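Taking it in order: structure first as structure tokens, then the write-up.
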Amino acid sequence: MRISRTGYLNYINLSFPIESSDVDFGVITLRPGDLNRNGQVTSSDLLILFANYSGRGYPITNPLADINGDGVVDYNDLQLLLNNFMLTADVDG
Ligand SMILES: [Ca+2]
Ligand SMILES: [Ca+2]
């Protein structure tokens with residue numbers, strides 16, 4: 001099973017037993033910050049965020065840099081990215 005959202009690390013669970021017709025997947029949290037979609041949150045994603053940082057007089061060229069979707073790329077987006085810095089997509093199984 002793979003759950004994905006653009007700009008977020010994928011959640012991947014390679015084995016998921018289904019023992020009845022009713023399946024409770026619980027709460028699955030996707031981690032934001034994978035702006036270049038390579039499955040990791042690294043300095044490359046940080047560079048994308050800084051290149052789009054609001055207040056520099058340039059328009060946002062990569063909308064993924066606005067992680068919280070409030071229309072500006074600022075400290076709040078940076079904080080969200082840093083919360084997941086150096087993490088990779090979840091792979092269980
Ligand atoms: Ca990345
Ligand atoms: Ca934002």
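Following the order of the structure tokens, chains are lettered A, B, ..., residues in each are numbered from 1, and ligands are numbered from 1.
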Write out as a VMD selection string each polymer residue (protein, DNA or RNA) that has an atom no more than 7 Å from ligand 1, with only C-alpha atoms and all ligand atoms counted.
chain A and resid 33 to 42 44 to 45
Please build the interface table for chain A against ligand 2 with a cut-off of 7 Å, listing for each qualifying residue the nearest atom pair and the distance in Å to one decimal; count only C-alpha atoms and all ligand atoms, order rows by chain and increasing number, and write it as JSON lines.
```
{"residue": "A:Asp66", "atom": "CA", "partner": "ligand 2", "partner_atom_place_in_ligand_line": "1 (Ca)", "distance": 4.1}
{"residue": "A:Ile67", "atom": "CA", "partner": "ligand 2", "partner_atom_place_in_ligand_line": "1 (Ca)", "distance": 5.4}
{"residue": "A:Asn68", "atom": "CA", "partner": "ligand 2", "partner_atom_place_in_ligand_line": "1 (Ca)", "distance": 4.6}
{"residue": "A:Gly69", "atom": "CA", "partner": "ligand 2", "partner_atom_place_in_ligand_line": "1 (Ca)", "distance": 5.1}
{"residue": "A:Asp70", "atom": "CA", "partner": "ligand 2", "partner_atom_place_in_ligand_line": "1 (Ca)", "distance": 4.6}
{"residue": "A:Gly71", "atom": "CA", "partner": "ligand 2", "partner_atom_place_in_ligand_line": "1 (Ca)", "distance": 5.6}
{"residue": "A:Val72", "atom": "CA", "partner": "ligand 2", "partner_atom_place_in_ligand_line": "1 (Ca)", "distance": 4.4}
{"residue": "A:Val73", "atom": "CA", "partner": "ligand 2", "partner_atom_place_in_ligand_line": "1 (Ca)", "distance": 4.4}
{"residue": "A:Asp74", "atom": "CA", "partner": "ligand 2", "partner_atom_place_in_ligand_line": "1 (Ca)", "distance": 5.8}
{"residue": "A:Asn76", "atom": "CA", "partner": "ligand 2", "partner_atom_place_in_ligand_line": "1 (Ca)", "distance": 6.3}
{"residue": "A:Asp77", "atom": "CA", "partner": "ligand 2", "partner_atom_place_in_ligand_line": "1 (Ca)", "distance": 5.1}
```
Output N, CA and C atoms for every residue in that selection, as a short mmCIF file (atom, residue, chain, number, x, y, z; two decimals), in the first residue's frame.
```cif
data_model
loop_
_atom_site.label_atom_id
_atom_site.label_comp_id
_atom_site.auth_asym_id
_atom_site.auth_seq_id
_atom_site.Cartn_x
_atom_site.Cartn_y
_atom_site.Cartn_z
N ASP A 66 5.53 26.36 -0.56
CA ASP A 66 4.53 26.87 0.38
C ASP A 66 3.87 25.68 1.05
N ILE A 67 4.58 25.08 1.96
CA ILE A 67 4.18 23.80 2.54
C ILE A 67 2.83 23.89 3.25
N ASN A 68 2.59 24.96 3.98
CA ASN A 68 1.32 25.06 4.71
C ASN A 68 0.22 25.71 3.90
N GLY A 69 0.52 26.09 2.65
CA GLY A 69 -0.51 26.57 1.74
C GLY A 69 -1.12 27.91 2.08
N ASP A 70 -0.38 28.77 2.79
CA ASP A 70 -0.95 30.06 3.18
C ASP A 70 -0.59 31.19 2.21
N GLY A 71 0.07 30.85 1.10
CA GLY A 71 0.35 31.85 0.07
C GLY A 71 1.71 32.51 0.17
N VAL A 72 2.43 32.26 1.24
CA VAL A 72 3.79 32.80 1.37
C VAL A 72 4.72 31.66 1.78
N VAL A 73 5.98 31.82 1.45
CA VAL A 73 6.99 30.85 1.89
C VAL A 73 7.81 31.55 2.97
N ASP A 74 7.66 31.10 4.19
CA ASP A 74 8.30 31.80 5.30
C ASP A 74 8.78 30.83 6.36
N ASN A 76 7.38 29.56 8.86
CA ASN A 76 6.48 28.45 9.19
C ASN A 76 6.69 27.26 8.26
N ASP A 77 6.91 27.53 6.97
CA ASP A 77 7.19 26.45 6.03
C ASP A 77 8.55 25.83 6.33
#
```
Going by DSSP on the backbone, which bits of region 12-63 of chain A are helix (DSSP H, G or I)? Write them as a VMD selection string, please.
chain A and resid 43 to 51 63
Any chance you can output those residues with N, CA and C atoms as a compact mmCIF listing (two decimals), in the first residue's frame?
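Saved as part32.txt:
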```txt
# COMPACT_ATOMS: atom_id res chain seq x y z
N SER A 43 18.94 18.64 2.09
CA SER A 43 19.35 20.01 1.78
C SER A 43 18.84 20.46 0.41
N SER A 44 18.63 19.54 -0.51
CA SER A 44 18.08 19.90 -1.83
C SER A 44 16.68 20.50 -1.68
N ASP A 45 15.89 19.94 -0.80
CA ASP A 45 14.55 20.48 -0.55
C ASP A 45 14.65 21.84 0.14
N LEU A 46 15.61 21.94 1.03
CA LEU A 46 15.84 23.22 1.72
C LEU A 46 16.20 24.32 0.73
N LEU A 47 17.02 23.99 -0.26
CA LEU A 47 17.39 24.97 -1.28
C LEU A 47 16.19 25.43 -2.09
N ILE A 48 15.29 24.50 -2.39
CA ILE A 48 14.07 24.86 -3.11
C ILE A 48 13.24 25.82 -2.28
N LEU A 49 13.13 25.53 -0.99
CA LEU A 49 12.36 26.42 -0.11
C LEU A 49 12.98 27.81 -0.06
N PHE A 50 14.30 27.88 0.12
CA PHE A 50 14.96 29.18 0.21
C PHE A 50 14.87 29.95 -1.11
N ALA A 51 14.92 29.25 -2.24
CA ALA A 51 14.83 29.91 -3.54
C ALA A 51 13.46 30.56 -3.73
N PRO A 63 5.29 26.06 -6.19
CA PRO A 63 4.24 26.14 -5.17
C PRO A 63 4.39 25.13 -4.05
```
Per-residue DSSP, chain A, filtered to strand (DSSP E or B), as a VMD selection string:
chain A and resid 2 to 3 8 11 to 13 32 40 88 90 to 92
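Minimum distance to Tyr8 (chain A) across A:Leu64, A:Tyr53, A:Gln79, A:Val27 (counting only C-alpha atoms) occurs at A:Leu64.
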Exercise: region 11-22 of chain A partners within 12 Å, only C-alpha atoms, chain neighbours under 3 positions left out, as a ChimeraX atom specification:
/A:1-6,8,25,27-32,39-40,87-93
